>>> print(open('my_file.cif').read())   # mmCIF, C-alpha atoms
data_final
loop_
_atom_site.label_atom_id
_atom_site.label_comp_id
_atom_site.auth_asym_id
_atom_site.auth_seq_id
_atom_site.Cartn_x
_atom_site.Cartn_y
_atom_site.Cartn_z
CA MET A 1 20.12 -13.65 -39.09
CA THR A 2 17.43 -14.28 -36.47
CA ALA A 3 17.82 -12.06 -33.45
CA SER A 4 18.16 -13.73 -30.06
CA TYR A 5 16.65 -12.37 -26.84
CA VAL A 6 17.39 -13.83 -23.42
CA ILE A 7 15.33 -12.82 -20.39
CA ILE A 8 16.44 -13.82 -16.90
CA GLY A 9 13.41 -13.88 -14.61
CA ASP A 10 9.79 -14.81 -15.21
CA GLY A 11 8.05 -12.41 -12.85
CA ILE A 12 5.69 -9.84 -14.29
CA ALA A 13 8.61 -7.73 -15.59
CA GLY A 14 10.31 -10.60 -17.43
CA SER A 15 7.07 -12.06 -18.71
CA SER A 16 5.83 -8.69 -20.00
CA ALA A 17 9.13 -8.17 -21.78
CA ALA A 18 8.92 -11.62 -23.39
CA GLU A 19 5.39 -10.96 -24.56
CA THR A 20 6.34 -7.58 -26.01
CA VAL A 21 9.42 -8.97 -27.77
CA ARG A 22 7.38 -11.76 -29.32
CA GLU A 23 4.71 -9.33 -30.55
CA ASP A 24 7.28 -6.95 -32.04
CA ALA A 25 9.68 -9.61 -33.36
CA PRO A 26 7.62 -12.64 -34.42
CA ASP A 27 10.60 -14.50 -35.88
CA ALA A 28 13.09 -13.90 -33.08
CA ASP A 29 14.47 -16.50 -30.69
CA VAL A 30 13.13 -15.73 -27.19
CA THR A 31 14.33 -17.57 -24.09
CA VAL A 32 13.07 -17.00 -20.55
CA ILE A 33 15.18 -18.45 -17.73
CA THR A 34 13.88 -18.68 -14.17
CA ASP A 35 15.04 -20.47 -11.05
CA GLU A 36 11.44 -20.94 -9.94
CA GLY A 37 9.59 -24.18 -10.63
CA GLU A 38 6.42 -22.62 -12.00
CA ALA A 39 5.53 -20.10 -14.66
CA LEU A 40 4.23 -16.59 -13.97
CA TYR A 41 1.72 -16.34 -11.14
CA ASN A 42 0.00 -13.46 -9.40
CA ARG A 43 2.27 -12.21 -6.62
CA ILE A 44 -0.50 -9.89 -5.44
CA LEU A 45 -2.96 -12.72 -4.80
CA ILE A 46 -0.59 -15.14 -3.06
CA LYS A 47 -1.15 -13.29 0.22
CA GLU A 48 -4.86 -14.12 -0.09
CA PHE A 49 -3.90 -17.74 -0.62
CA ALA A 50 -1.70 -17.64 2.48
CA LYS A 51 -4.64 -16.19 4.43
CA GLY A 52 -6.70 -19.21 3.40
CA LYS A 53 -9.07 -17.05 1.34
CA LEU A 54 -8.27 -18.36 -2.13
CA PRO A 55 -7.37 -21.77 -3.62
CA GLU A 56 -4.27 -22.26 -5.75
CA ALA A 57 -6.06 -22.17 -9.09
CA PRO A 58 -6.49 -18.37 -9.49
CA MET A 59 -2.80 -17.72 -8.74
CA SER A 60 -1.50 -18.86 -12.10
CA ILE A 61 -1.34 -16.29 -14.89
CA HIS A 62 0.60 -18.26 -17.50
CA GLN A 63 0.71 -22.00 -17.91
CA PRO A 64 3.74 -23.50 -19.72
CA ASP A 65 1.64 -23.92 -22.86
CA TRP A 66 1.23 -20.12 -22.99
CA TYR A 67 4.95 -19.95 -23.77
CA ASP A 68 4.74 -22.88 -26.18
CA GLU A 69 1.97 -21.19 -28.14
CA ARG A 70 4.17 -18.12 -28.55
CA ASP A 71 7.31 -20.07 -29.33
CA ILE A 72 9.01 -18.78 -26.19
CA ASP A 73 11.56 -21.18 -24.71
CA LEU A 74 10.77 -21.27 -20.97
CA ARG A 75 13.45 -22.80 -18.75
CA LEU A 76 12.09 -23.52 -15.25
CA ASN A 77 14.29 -24.55 -12.30
CA THR A 78 17.29 -23.15 -14.14
CA PHE A 79 20.02 -21.17 -12.40
CA VAL A 80 22.23 -18.71 -14.28
CA THR A 81 25.85 -19.15 -13.24
CA ASP A 82 27.61 -16.62 -15.45
CA ILE A 83 26.92 -13.65 -17.69
CA ASP A 84 29.57 -12.51 -20.17
CA THR A 85 28.52 -9.16 -21.56
CA ASP A 86 31.53 -9.03 -23.92
CA ALA A 87 30.81 -12.42 -25.49
CA HIS A 88 27.02 -11.89 -25.17
CA THR A 89 26.49 -15.25 -23.45
CA VAL A 90 24.59 -16.61 -20.46
CA ASP A 91 25.62 -19.88 -18.78
CA THR A 92 23.38 -22.07 -16.61
CA HIS A 93 23.97 -24.65 -13.89
CA GLU A 94 23.23 -27.45 -16.36
CA GLY A 95 26.15 -26.46 -18.56
CA GLU A 96 24.06 -24.82 -21.27
CA GLN A 97 25.13 -21.60 -22.87
CA PHE A 98 22.76 -19.13 -24.49
CA ASP A 99 23.93 -16.50 -26.96
CA TYR A 100 22.03 -13.22 -26.96
CA ASP A 101 21.74 -10.12 -29.05
CA LYS A 102 19.79 -8.43 -26.27
CA LEU A 103 19.63 -9.43 -22.62
CA LEU A 104 17.07 -8.46 -19.97
CA LEU A 105 17.76 -8.75 -16.25
CA ALA A 106 14.56 -9.21 -14.26
CA THR A 107 15.79 -11.33 -11.37
CA GLY A 108 14.15 -9.38 -8.54
CA GLY A 109 15.41 -9.93 -5.03
CA THR A 110 15.62 -12.23 -2.04
CA PRO A 111 14.06 -11.36 1.35
CA VAL A 112 16.52 -10.08 3.92
CA GLN A 113 17.08 -12.33 6.92
CA LEU A 114 17.30 -10.73 10.35
CA PRO A 115 20.95 -10.65 11.50
CA VAL A 116 20.14 -12.17 14.89
CA PRO A 117 20.67 -15.61 16.48
CA ASN A 118 18.35 -18.40 15.28
CA SER A 119 16.87 -16.29 12.47
CA ASP A 120 16.96 -19.35 10.23
CA ALA A 121 15.01 -21.56 12.66
CA GLU A 122 12.12 -23.72 11.51
CA GLY A 123 8.89 -21.75 11.63
CA ILE A 124 10.44 -18.37 10.67
CA HIS A 125 9.16 -17.35 7.27
CA HIS A 126 9.86 -14.78 4.58
CA PHE A 127 7.28 -13.89 1.96
CA TRP A 128 8.15 -13.54 -1.71
CA THR A 129 7.28 -16.57 -3.83
CA PHE A 130 4.27 -18.82 -4.26
CA GLU A 131 6.30 -21.57 -2.62
CA ASP A 132 6.77 -19.25 0.37
CA ALA A 133 3.01 -18.68 0.49
CA ARG A 134 2.32 -22.42 0.59
CA ALA A 135 4.69 -22.93 3.51
CA ILE A 136 3.31 -19.90 5.34
CA ALA A 137 -0.30 -21.05 4.94
CA GLU A 138 0.53 -24.51 6.25
CA ARG A 139 2.48 -23.23 9.26
CA ALA A 140 0.06 -20.44 10.19
CA GLU A 141 -2.92 -22.75 10.01
CA ALA A 142 -1.31 -24.98 12.66
CA ALA A 143 -0.05 -22.19 14.94
CA ASP A 144 -1.74 -20.60 17.94
CA ASN A 145 0.61 -17.66 18.44
CA GLY A 146 3.00 -15.70 16.26
CA VAL A 147 5.29 -12.74 15.81
CA VAL A 148 5.57 -10.36 12.85
CA VAL A 149 8.66 -8.23 12.19
CA GLY A 150 8.84 -5.46 9.60
CA ALA A 151 6.59 -2.39 9.73
CA GLY A 152 6.03 -2.03 6.01
CA LEU A 153 3.77 -3.16 3.18
CA LEU A 154 4.95 -6.78 3.23
CA GLY A 155 5.02 -6.99 7.01
CA ILE A 156 1.36 -6.09 7.23
CA ASP A 157 0.60 -8.99 4.89
CA PHE A 158 2.04 -11.29 7.54
CA ALA A 159 -0.10 -9.58 10.17
CA ALA A 160 -3.21 -10.08 8.06
CA ILE A 161 -2.32 -13.73 7.52
CA CYS A 162 -2.10 -14.19 11.29
CA GLY A 163 -5.49 -12.54 11.73
CA ALA A 164 -7.14 -14.63 9.04
CA GLN A 165 -5.61 -17.88 10.33
CA ASP A 166 -6.61 -17.17 13.96
CA VAL A 167 -3.02 -16.77 15.09
CA GLU A 168 -2.72 -14.51 18.12
CA ALA A 169 0.21 -12.33 17.12
CA HIS A 170 2.46 -9.51 18.27
CA TYR A 171 3.68 -7.12 15.60
CA LEU A 172 7.14 -5.81 16.55
CA MET A 173 7.86 -2.37 15.05
CA ARG A 174 11.05 -0.33 15.36
CA GLY A 175 9.28 3.03 15.45
CA GLU A 176 6.17 4.52 17.01
CA ASN A 177 3.95 3.84 13.99
CA TRP A 178 3.39 1.31 11.25
CA TRP A 179 5.11 2.56 8.05
CA ARG A 180 6.30 5.62 9.93
CA TYR A 181 7.97 7.17 6.88
CA ALA A 182 4.65 7.55 5.08
CA LEU A 183 2.00 7.83 7.82
CA SER A 184 1.54 10.28 10.67
CA ASP A 185 -0.03 9.35 14.01
CA ASP A 186 -3.56 9.98 12.72
CA GLY A 187 -3.19 7.70 9.73
CA ALA A 188 -1.28 5.03 11.60
CA GLU A 189 -3.90 4.86 14.36
CA ILE A 190 -6.43 3.63 11.82
CA ILE A 191 -4.11 0.79 10.84
CA HIS A 192 -3.24 -0.01 14.45
CA GLY A 193 -6.92 -0.28 15.33
CA ALA A 194 -7.55 -2.61 12.41
CA LEU A 195 -4.64 -4.80 13.47
CA GLU A 196 -6.01 -5.09 16.99
CA ASP A 197 -9.45 -5.93 15.59
CA ASN A 198 -7.72 -8.85 13.84
CA ASN A 199 -6.09 -10.08 17.08
CA VAL A 200 -2.68 -8.64 16.17
CA THR A 201 -1.11 -6.44 18.86
CA PRO A 202 1.31 -3.71 17.72
CA VAL A 203 4.45 -3.41 19.87
CA PHE A 204 6.18 -0.09 19.18
CA ASP A 205 9.82 0.97 19.55
CA SER A 206 10.71 -2.69 19.49
CA GLY A 207 12.58 -5.27 17.46
CA VAL A 208 14.23 -8.65 17.75
CA ASP A 209 17.45 -9.31 19.62
CA ARG A 210 17.25 -13.07 19.09
CA PHE A 211 14.87 -15.92 18.46
CA GLU A 212 14.58 -18.84 20.85
CA THR A 213 14.00 -22.39 19.67
CA ASP A 214 12.78 -25.64 21.20
CA ASP A 215 14.72 -28.91 21.29
CA ALA A 216 13.60 -29.69 17.73
CA GLY A 217 15.00 -26.41 16.37
CA HIS A 218 11.58 -24.84 15.89
CA VAL A 219 11.07 -21.19 16.81
CA SER A 220 9.47 -20.79 20.22
CA ALA A 221 9.88 -17.10 21.03
CA ALA A 222 11.18 -13.71 19.90
CA VAL A 223 13.14 -11.69 22.46
CA THR A 224 13.40 -7.91 22.07
CA PRO A 225 16.51 -5.81 22.82
CA ASP A 226 14.79 -4.80 26.08
CA GLY A 227 14.42 -8.44 27.08
CA ASP A 228 10.69 -8.75 26.47
CA ARG A 229 9.78 -12.26 25.35
CA TYR A 230 6.95 -13.11 22.96
CA GLY A 231 6.17 -16.78 22.52
CA CYS A 232 5.54 -17.84 18.93
CA GLU A 233 5.08 -20.99 16.91
CA PHE A 234 5.10 -18.89 13.75
CA ALA A 235 7.18 -15.86 12.81
CA GLY A 236 6.95 -13.68 9.72
CA VAL A 237 9.89 -11.44 8.82
CA ALA A 238 9.64 -8.74 6.14
CA ILE A 239 12.45 -6.21 6.49
CA GLY A 240 13.32 -5.68 2.85
CA LEU A 241 14.94 -7.28 -0.19
CA ASP A 242 18.49 -8.02 -1.19
CA PHE A 243 18.51 -7.61 -4.96
CA ASN A 244 19.92 -10.54 -6.88
CA LEU A 245 23.07 -8.87 -8.19
CA GLU A 246 25.76 -11.48 -7.52
CA LEU A 247 26.05 -12.48 -11.18
CA LEU A 248 26.74 -8.88 -12.16
CA GLN A 249 29.66 -8.17 -9.84
CA ASN A 250 32.25 -9.07 -12.48
CA THR A 251 30.56 -7.12 -15.26
CA ASP A 252 30.71 -3.43 -16.17
CA ILE A 253 27.01 -2.99 -15.42
CA GLU A 254 26.57 -0.03 -13.07
CA LEU A 255 25.12 -1.00 -9.70
CA ASP A 256 23.82 1.27 -6.95
CA ASP A 257 21.63 -0.69 -4.55
CA GLY A 258 20.17 -2.21 -7.68
CA VAL A 259 20.81 -2.14 -11.42
CA VAL A 260 21.06 1.43 -12.69
CA VAL A 261 19.00 2.02 -15.83
CA ASP A 262 17.91 5.08 -17.74
CA GLU A 263 14.30 5.95 -18.57
CA HIS A 264 14.44 3.43 -21.44
CA MET A 265 15.44 0.53 -19.12
CA GLN A 266 18.94 0.44 -20.70
CA THR A 267 21.82 -0.39 -18.36
CA SER A 268 25.30 1.10 -18.61
CA VAL A 269 26.33 -1.81 -20.87
CA ASP A 270 25.23 -2.03 -24.49
CA ASP A 271 22.53 -4.59 -25.27
CA VAL A 272 21.71 -5.22 -21.60
CA TYR A 273 18.44 -4.01 -20.11
CA ALA A 274 16.81 -4.44 -16.70
CA ALA A 275 13.27 -4.23 -15.35
CA GLY A 276 11.36 -4.79 -12.14
CA ASP A 277 12.22 -4.61 -8.46
CA LEU A 278 15.99 -4.60 -8.90
CA THR A 279 16.12 -1.46 -11.06
CA ARG A 280 17.27 1.94 -9.92
CA TYR A 281 15.67 3.81 -12.77
CA TYR A 282 15.68 7.40 -13.94
CA ASP A 283 12.29 8.81 -13.00
CA THR A 284 11.39 11.47 -15.57
CA ILE A 285 8.75 12.92 -13.24
CA LEU A 286 11.02 13.31 -10.22
CA ASP A 287 14.00 14.17 -12.42
CA GLU A 288 16.15 11.82 -10.34
CA TYR A 289 16.82 8.12 -9.85
CA ALA A 290 14.26 6.14 -7.89
CA GLN A 291 13.12 2.62 -7.05
CA ASN A 292 9.67 1.09 -6.93
CA GLY A 293 8.59 -2.49 -6.39
CA SER A 294 4.92 -2.35 -7.37
CA TRP A 295 3.39 -4.88 -9.75
CA GLY A 296 2.19 -2.23 -12.21
CA SER A 297 5.56 -0.54 -12.32
CA ALA A 298 7.38 -3.82 -13.00
CA LYS A 299 4.94 -4.75 -15.75
CA GLU A 300 5.35 -1.40 -17.48
CA GLN A 301 9.12 -1.52 -17.16
CA GLY A 302 9.16 -4.97 -18.76
CA SER A 303 7.04 -3.78 -21.66
CA ILE A 304 9.20 -0.69 -22.19
CA ALA A 305 12.38 -2.77 -22.07
CA GLY A 306 10.99 -5.30 -24.54
CA GLU A 307 9.95 -2.59 -26.97
CA ASN A 308 13.35 -0.90 -26.89
CA MET A 309 15.25 -4.19 -27.15
CA VAL A 310 13.50 -5.02 -30.41
CA ALA A 311 13.55 -1.49 -31.83
CA ASP A 312 17.23 -1.11 -30.93
CA SER A 313 16.41 2.45 -30.04
CA GLU A 314 15.45 4.61 -27.11
CA GLU A 315 12.00 5.67 -28.21
CA ALA A 316 9.86 4.05 -25.51
CA THR A 317 10.17 5.87 -22.17
CA PHE A 318 9.17 4.68 -18.72
CA ARG A 319 7.01 7.35 -17.13
CA TRP A 320 4.79 5.90 -14.46
CA VAL A 321 2.92 6.77 -11.28
CA SER A 322 2.73 3.58 -9.27
CA SER A 323 0.13 2.48 -6.75
CA TYR A 324 -0.04 -0.23 -4.11
CA SER A 325 -3.25 -1.31 -2.40
CA ILE A 326 -3.99 -3.26 0.76
CA THR A 327 -7.29 -5.14 1.02
CA HIS A 328 -6.91 -6.78 4.40
CA PHE A 329 -9.30 -4.61 6.40
CA ASP A 330 -12.86 -3.30 6.32
CA PHE A 331 -11.61 -0.13 4.65
CA PRO A 332 -9.44 0.30 1.52
CA PHE A 333 -5.84 1.50 1.64
CA LEU A 334 -3.75 2.76 -1.26
CA SER A 335 -0.36 4.39 -1.61
CA PHE A 336 0.68 6.07 -4.84
CA GLY A 337 3.84 7.55 -6.30
CA HIS A 338 6.65 7.99 -3.79
CA PRO A 339 4.89 8.72 -0.48
CA THR A 340 8.07 8.60 1.61
CA LEU A 341 9.82 11.30 -0.42
CA GLY A 342 9.32 15.03 -0.31
CA ASP A 343 10.09 18.13 1.68
CA ASP A 344 6.52 19.08 2.57
CA HIS A 345 3.15 17.40 3.06
CA ALA A 346 -0.54 17.95 3.70
CA GLU A 347 -2.95 15.61 5.45
CA ALA A 348 -6.55 15.42 6.61
CA LYS A 349 -8.68 13.03 8.62
CA PHE A 350 -12.37 12.82 7.75
CA SER A 351 -13.58 9.96 9.96
CA ASP A 352 -12.31 7.09 12.08
CA THR A 353 -11.47 5.19 8.89
CA GLU A 354 -10.87 8.01 6.36
CA TRP A 355 -7.53 9.79 6.16
CA ARG A 356 -5.17 11.00 3.49
CA ARG A 357 -1.68 12.41 3.18
CA VAL A 358 0.00 13.96 0.15
CA ALA A 359 3.76 14.48 -0.13
CA PHE A 360 5.29 17.39 -2.06
CA LYS A 361 8.74 18.08 -3.42
CA ASP A 362 9.62 21.49 -4.83
CA GLY A 363 5.93 22.30 -4.62
CA LYS A 364 4.84 19.32 -6.73
CA ILE A 365 2.98 16.22 -5.56
CA VAL A 366 5.28 13.19 -5.60
CA GLY A 367 3.14 10.64 -3.75
CA GLY A 368 0.65 9.98 -1.01
CA VAL A 369 -1.49 7.59 0.99
CA LEU A 370 -5.27 7.24 0.98
CA ILE A 371 -7.20 5.37 3.66
CA GLY A 372 -10.96 4.79 3.47
CA ASP A 373 -11.71 6.85 0.36
CA LEU A 374 -9.65 6.17 -2.75
CA ALA A 375 -11.62 8.47 -5.07
CA PRO A 376 -8.99 11.28 -5.15
CA GLN A 377 -6.21 9.03 -6.44
CA SER A 378 -6.78 9.69 -10.15
CA LYS A 379 -6.73 13.46 -9.57
CA TYR A 380 -3.56 13.36 -7.50
CA LYS A 381 -1.87 11.12 -10.05
CA LYS A 382 -2.86 13.53 -12.82
CA LEU A 383 -1.16 16.37 -10.97
CA ILE A 384 1.96 14.22 -10.48
CA ARG A 385 2.16 13.45 -14.19
CA GLU A 386 1.66 17.12 -15.05
CA GLU A 387 4.46 18.07 -12.60
CA ARG A 388 2.28 20.92 -11.51
CA VAL A 389 3.22 23.15 -8.57
CA VAL A 390 0.27 22.97 -6.18
CA ALA A 391 1.70 22.89 -2.65
CA ASP A 392 0.48 26.45 -2.10
CA GLN A 393 -3.12 25.25 -2.57
CA LYS A 394 -3.36 22.58 0.11
CA ASP A 395 -6.81 23.77 1.14
CA VAL A 396 -8.16 22.69 -2.24
CA LEU A 397 -6.22 19.42 -2.31
CA MET A 398 -7.41 18.42 1.16
CA GLN A 399 -11.09 18.97 0.53
CA GLU A 400 -13.09 15.79 1.08
CA GLU A 401 -14.13 15.89 -2.57
CA VAL A 402 -11.18 17.20 -4.56
CA ASP A 403 -12.10 19.46 -7.48
CA LEU A 404 -9.11 20.25 -9.68
CA ASP A 405 -11.10 23.04 -11.36
CA GLU A 406 -10.78 24.98 -8.12
CA LEU A 407 -7.00 25.07 -8.45
CA ALA A 408 -5.45 28.19 -9.84
CA PRO A 409 -4.52 27.67 -13.52
CA ALA A 410 -0.92 26.57 -13.92
CA ALA A 411 -0.12 29.62 -16.05
CA GLU A 412 -1.18 31.95 -13.22
CA GLN A 413 1.02 30.37 -10.54
#
>>> encode(input="my_file.cif", output="structure tokens")
Amino acid sequence: MTASYVIIGDGIAGSSAAETVREDAPDADVTVITDEGEALYNRILIKEFAKGKLPEAPMSIHQPDWYDERDIDLRLNTFVTDIDTDAHTVDTHEGEQFDYDKLLLATGGTPVQLPVPNSDAEGIHHFWTFEDARAIAERAEAADNGVVVGAGLLGIDFAAICGAQDVEAHYLMRGENWWRYALSDDGAEIIHGALEDNNVTPVFDSGVDRFETDDAGHVSAAVTPDGDRYGCEFAGVAIGLDFNLELLQNTDIELDDGVVVDEHMQTSVDDVYAAGDLTRYYDTILDEYAQNGSWGSAKEQGSIAGENMVADSEEATFRWVSSYSITHFDFPFLSFGHPTLGDDHAEAKFSDTEWRRVAFKDGKIVGGVLIGDLAPQSKYKKLIREERVVADQKDVLMQEEVDLDELAPAAEQ
């Protein structure tokens, strides 16, 4: 009989899985179900669209005919209402039922809304989909002032959008630095200066107590817990994701702030796999469970899941050092691995726009951040993959030009 594969989600994880399944099982039935109204697009580039820097055309990665050519049944604007892992079925809001031999969960998440009054007011935006980007671009283009909340990698996208769209903005941060879990004062100062150069003012040790609205229900201001008021016609909120797990609550699939999978992307239930943002996966490098929402990680997870679904084995293993870049400023920025983990670190500042920090755990590099000069990334990633103990040689690792040949051989450590 022809095998049947159902994939819920058409982001890069789901799409990569579908492509891998089709390549490895040319005669199989492959169905991709997504609640979005358009096929796979580039989530990395939509921030450039929202900034007004790119038209819509480059965003699309797959047109519907891409799926047709590969005999993949793509169901857009389709909501899954039930998953029965015993019967191996998936039900949708239109009353259709799909049988599966193997199922992949790649449903991602939904942006978290601030738990404060008026957080759902008109003009307050969250950033995740292409549809979000369209609304953000339209609103930011018409606004004169704005507020950004969320001192992380998505929050800074909002800040950059404000700068590019000539929106005078205040960036409200809970701590003393942007991305305080990964950057020290020296690194954060570079980012803060770049924000100010883009007409975005950081406001530290702050937050939102409530939003105010005008008579039409449109956001007019953000008020901090200290009572400071910042007028805004536009607000961007990026404080994290709620993973889309509701459909799994009545299943035996193990959940722990995400879907728990092993290094083969297999869940705790036979024939069910997961990939992408919502996974809490076993990291073979860290030797513990971890999460990562980068594009490259999700794509690799989807490919690994697809390969193992078809092979009905656990041969393909997810072993990946992720990276995430920011291109909003006059200098490059890149994080790699797990920069917020670790029990030790080393850092160095080489100029007003060149800084780096490397995090260690048990003497091994687990992640880091590079600002200004990205050249060392491949060498640091190599050491991560090798799981090599190098924390006792920080002087070599923090040289402006890193030379791995200067490290003591692993056998001599």
>>> residues_near_point(input="my_file.cif", point="(-7.6, 4.6, 3.4)", cutoff="10 Å", atoms="only C-alpha atoms", output="number ranges by chain")
A: 187, 190-191, 325-326, 329-335, 349, 353-357, 369-374
>>> write_last_selection(input="my_file.cif", atoms="C-alpha atoms", output="PDB file, keeping the file's coordinate frame")
ATOM      1  CA  GLY A 187      -3.190   7.700   9.730  1.00  0.00           C
ATOM      2  CA  ILE A 190      -6.430   3.630  11.820  1.00  0.00           C
ATOM      3  CA  ILE A 191      -4.110   0.790  10.840  1.00  0.00           C
ATOM      4  CA  SER A 325      -3.250  -1.310  -2.400  1.00  0.00           C
ATOM      5  CA  ILE A 326      -3.990  -3.260   0.760  1.00  0.00           C
ATOM      6  CA  PHE A 329      -9.300  -4.610   6.400  1.00  0.00           C
ATOM      7  CA  ASP A 330     -12.860  -3.300   6.320  1.00  0.00           C
ATOM      8  CA  PHE A 331     -11.610  -0.130   4.650  1.00  0.00           C
ATOM      9  CA  PRO A 332      -9.440   0.300   1.520  1.00  0.00           C
ATOM     10  CA  PHE A 333      -5.840   1.500   1.640  1.00  0.00           C
ATOM     11  CA  LEU A 334      -3.750   2.760  -1.260  1.00  0.00           C
ATOM     12  CA  SER A 335      -0.360   4.390  -1.610  1.00  0.00           C
ATOM     13  CA  LYS A 349      -8.680  13.030   8.620  1.00  0.00           C
ATOM     14  CA  THR A 353     -11.470   5.190   8.890  1.00  0.00           C
ATOM     15  CA  GLU A 354     -10.870   8.010   6.360  1.00  0.00           C
ATOM     16  CA  TRP A 355      -7.530   9.790   6.160  1.00  0.00           C
ATOM     17  CA  ARG A 356      -5.170  11.000   3.490  1.00  0.00           C
ATOM     18  CA  ARG A 357      -1.680  12.410   3.180  1.00  0.00           C
ATOM     19  CA  VAL A 369      -1.490   7.590   0.990  1.00  0.00           C
ATOM     20  CA  LEU A 370      -5.270   7.240   0.980  1.00  0.00           C
ATOM     21  CA  ILE A 371      -7.200   5.370   3.660  1.00  0.00           C
ATOM     22  CA  GLY A 372     -10.960   4.790   3.470  1.00  0.00           C
ATOM     23  CA  ASP A 373     -11.710   6.850   0.360  1.00  0.00           C
ATOM     24  CA  LEU A 374      -9.650   6.170  -2.750  1.00  0.00           C
TER      25      LEU A 374
END
>>> axis_aligned_box(input="my_file.cif", around="region 249-253 of chain A", padding_each_side="8 Å", output="AutoDock Vina command-line options")
--center_x 29.6 --center_y -6.0 --center_z -13.0 --size_x 21.2 --size_y 22.1 --size_z 22.3
>>> residues_around(input="my_file.cif", residues="Ala221 (chain A)", least_positions_apart="2", cutoff="12 Å", atoms="only C-alpha atoms", output="ChimeraX atom specification")
/A:117-119,121-124,145-148,169-170,208-214,217-219,223-224,227-235
>>> atom_distance(input="my_file.cif", atom1="CA of Gly150 (chain A)", atom2="CA of Gly293 (chain A)")
16.3 Å
>>> closest_residue(input="my_file.cif", among="A:His93, A:Val203, A:Asp186, A:Ile384", to="Thr284 (chain A)", atoms="all atoms listed in the file")
A:Ile384
>>> closest_residue(input="my_file.cif", among="A:Glu168, A:Asp262, A:Glu38, A:Asp256", to="Asn199 (chain A)", atoms="all atoms listed in the file")
A:Glu168
>>> closest_residue(input="my_file.cif", among="A:Tyr380, A:Tyr5, A:Tyr282, A:Phe243", to="Phe98 (chain A)", atoms="only C-alpha atoms")
A:Tyr5
>>> residues_around(input="my_file.cif", residues="Val272 (chain A)", least_positions_apart="5", cutoff="9 Å", atoms="all atoms listed in the file", output="ChimeraX atom specification")
/A:85,101-105,253,265-267,309
>>> write_last_selection(input="my_file.cif", atoms="C-alpha atoms", output="mmCIF file, in the frame of the given file")
data_model
loop_
_atom_site.group_PDB
_atom_site.id
_atom_site.type_symbol
_atom_site.label_atom_id
_atom_site.label_comp_id
_atom_site.auth_asym_id
_atom_site.auth_seq_id
_atom_site.Cartn_x
_atom_site.Cartn_y
_atom_site.Cartn_z
ATOM 1 C CA THR A 85 28.520 -9.160 -21.560
ATOM 2 C CA ASP A 101 21.740 -10.120 -29.050
ATOM 3 C CA LYS A 102 19.790 -8.430 -26.270
ATOM 4 C CA LEU A 103 19.630 -9.430 -22.620
ATOM 5 C CA LEU A 104 17.070 -8.460 -19.970
ATOM 6 C CA LEU A 105 17.760 -8.750 -16.250
ATOM 7 C CA ILE A 253 27.010 -2.990 -15.420
ATOM 8 C CA MET A 265 15.440 0.530 -19.120
ATOM 9 C CA GLN A 266 18.940 0.440 -20.700
ATOM 10 C CA THR A 267 21.820 -0.390 -18.360
ATOM 11 C CA MET A 309 15.250 -4.190 -27.150
#
>>> closest_atom_pairs(input="my_file.cif", of="region 347-386 of chain A", to="region 399-409 of chain A", cutoff="9 Å", atoms="only C-alpha atoms", output="CSV")
residue,atom,partner,partner_atom,distance
A:Ala348,CA,A:Gln399,CA,8.4
A:Phe350,CA,A:Glu400,CA,7.3
A:Ala375,CA,A:Glu401,CA,8.2
A:Pro376,CA,A:Val402,CA,6.3
A:Lys379,CA,A:Leu404,CA,7.2
A:Leu383,CA,A:Leu404,CA,8.9
>>> closest_residue(input="my_file.cif", among="A:Gly276, A:Pro64, A:Pro339, A:Pro202", to="Phe318 (chain A)", atoms="only C-alpha atoms")
A:Gly276
>>> closest_residue(input="my_file.cif", among="A:Asn42, A:Gln301, A:Thr317, A:Thr81", to="Ala57 (chain A)", atoms="all atoms listed in the file")
A:Asn42
>>> closest_residue(input="my_file.cif", among="A:Ala28, A:Ile46, A:Ala164, A:Leu248", to="Asp84 (chain A)", atoms="only C-alpha atoms")
A:Leu248
>>> residues_near_point(input="my_file.cif", point="(0.3, -0.7, 8.9)", cutoff="10 Å", atoms="only C-alpha atoms", output="VMD selection string")
chain A and resid 150 to 157 159 171 173 177 to 180 183 187 to 195 202 326 333
>>> write_last_selection(input="my_file.cif", atoms="C-alpha atoms", output="short mmCIF file (atom, residue, chain, number, x, y, z; two decimals), in the coordinates of the input")
data_model
loop_
_atom_site.label_atom_id
_atom_site.label_comp_id
_atom_site.auth_asym_id
_atom_site.auth_seq_id
_atom_site.Cartn_x
_atom_site.Cartn_y
_atom_site.Cartn_z
CA GLY A 150 8.84 -5.46 9.60
CA ALA A 151 6.59 -2.39 9.73
CA GLY A 152 6.03 -2.03 6.01
CA LEU A 153 3.77 -3.16 3.18
CA LEU A 154 4.95 -6.78 3.23
CA GLY A 155 5.02 -6.99 7.01
CA ILE A 156 1.36 -6.09 7.23
CA ASP A 157 0.60 -8.99 4.89
CA ALA A 159 -0.10 -9.58 10.17
CA TYR A 171 3.68 -7.12 15.60
CA MET A 173 7.86 -2.37 15.05
CA ASN A 177 3.95 3.84 13.99
CA TRP A 178 3.39 1.31 11.25
CA TRP A 179 5.11 2.56 8.05
CA ARG A 180 6.30 5.62 9.93
CA LEU A 183 2.00 7.83 7.82
CA GLY A 187 -3.19 7.70 9.73
CA ALA A 188 -1.28 5.03 11.60
CA GLU A 189 -3.90 4.86 14.36
CA ILE A 190 -6.43 3.63 11.82
CA ILE A 191 -4.11 0.79 10.84
CA HIS A 192 -3.24 -0.01 14.45
CA GLY A 193 -6.92 -0.28 15.33
CA ALA A 194 -7.55 -2.61 12.41
CA LEU A 195 -4.64 -4.80 13.47
CA PRO A 202 1.31 -3.71 17.72
CA ILE A 326 -3.99 -3.26 0.76
CA PHE A 333 -5.84 1.50 1.64
#
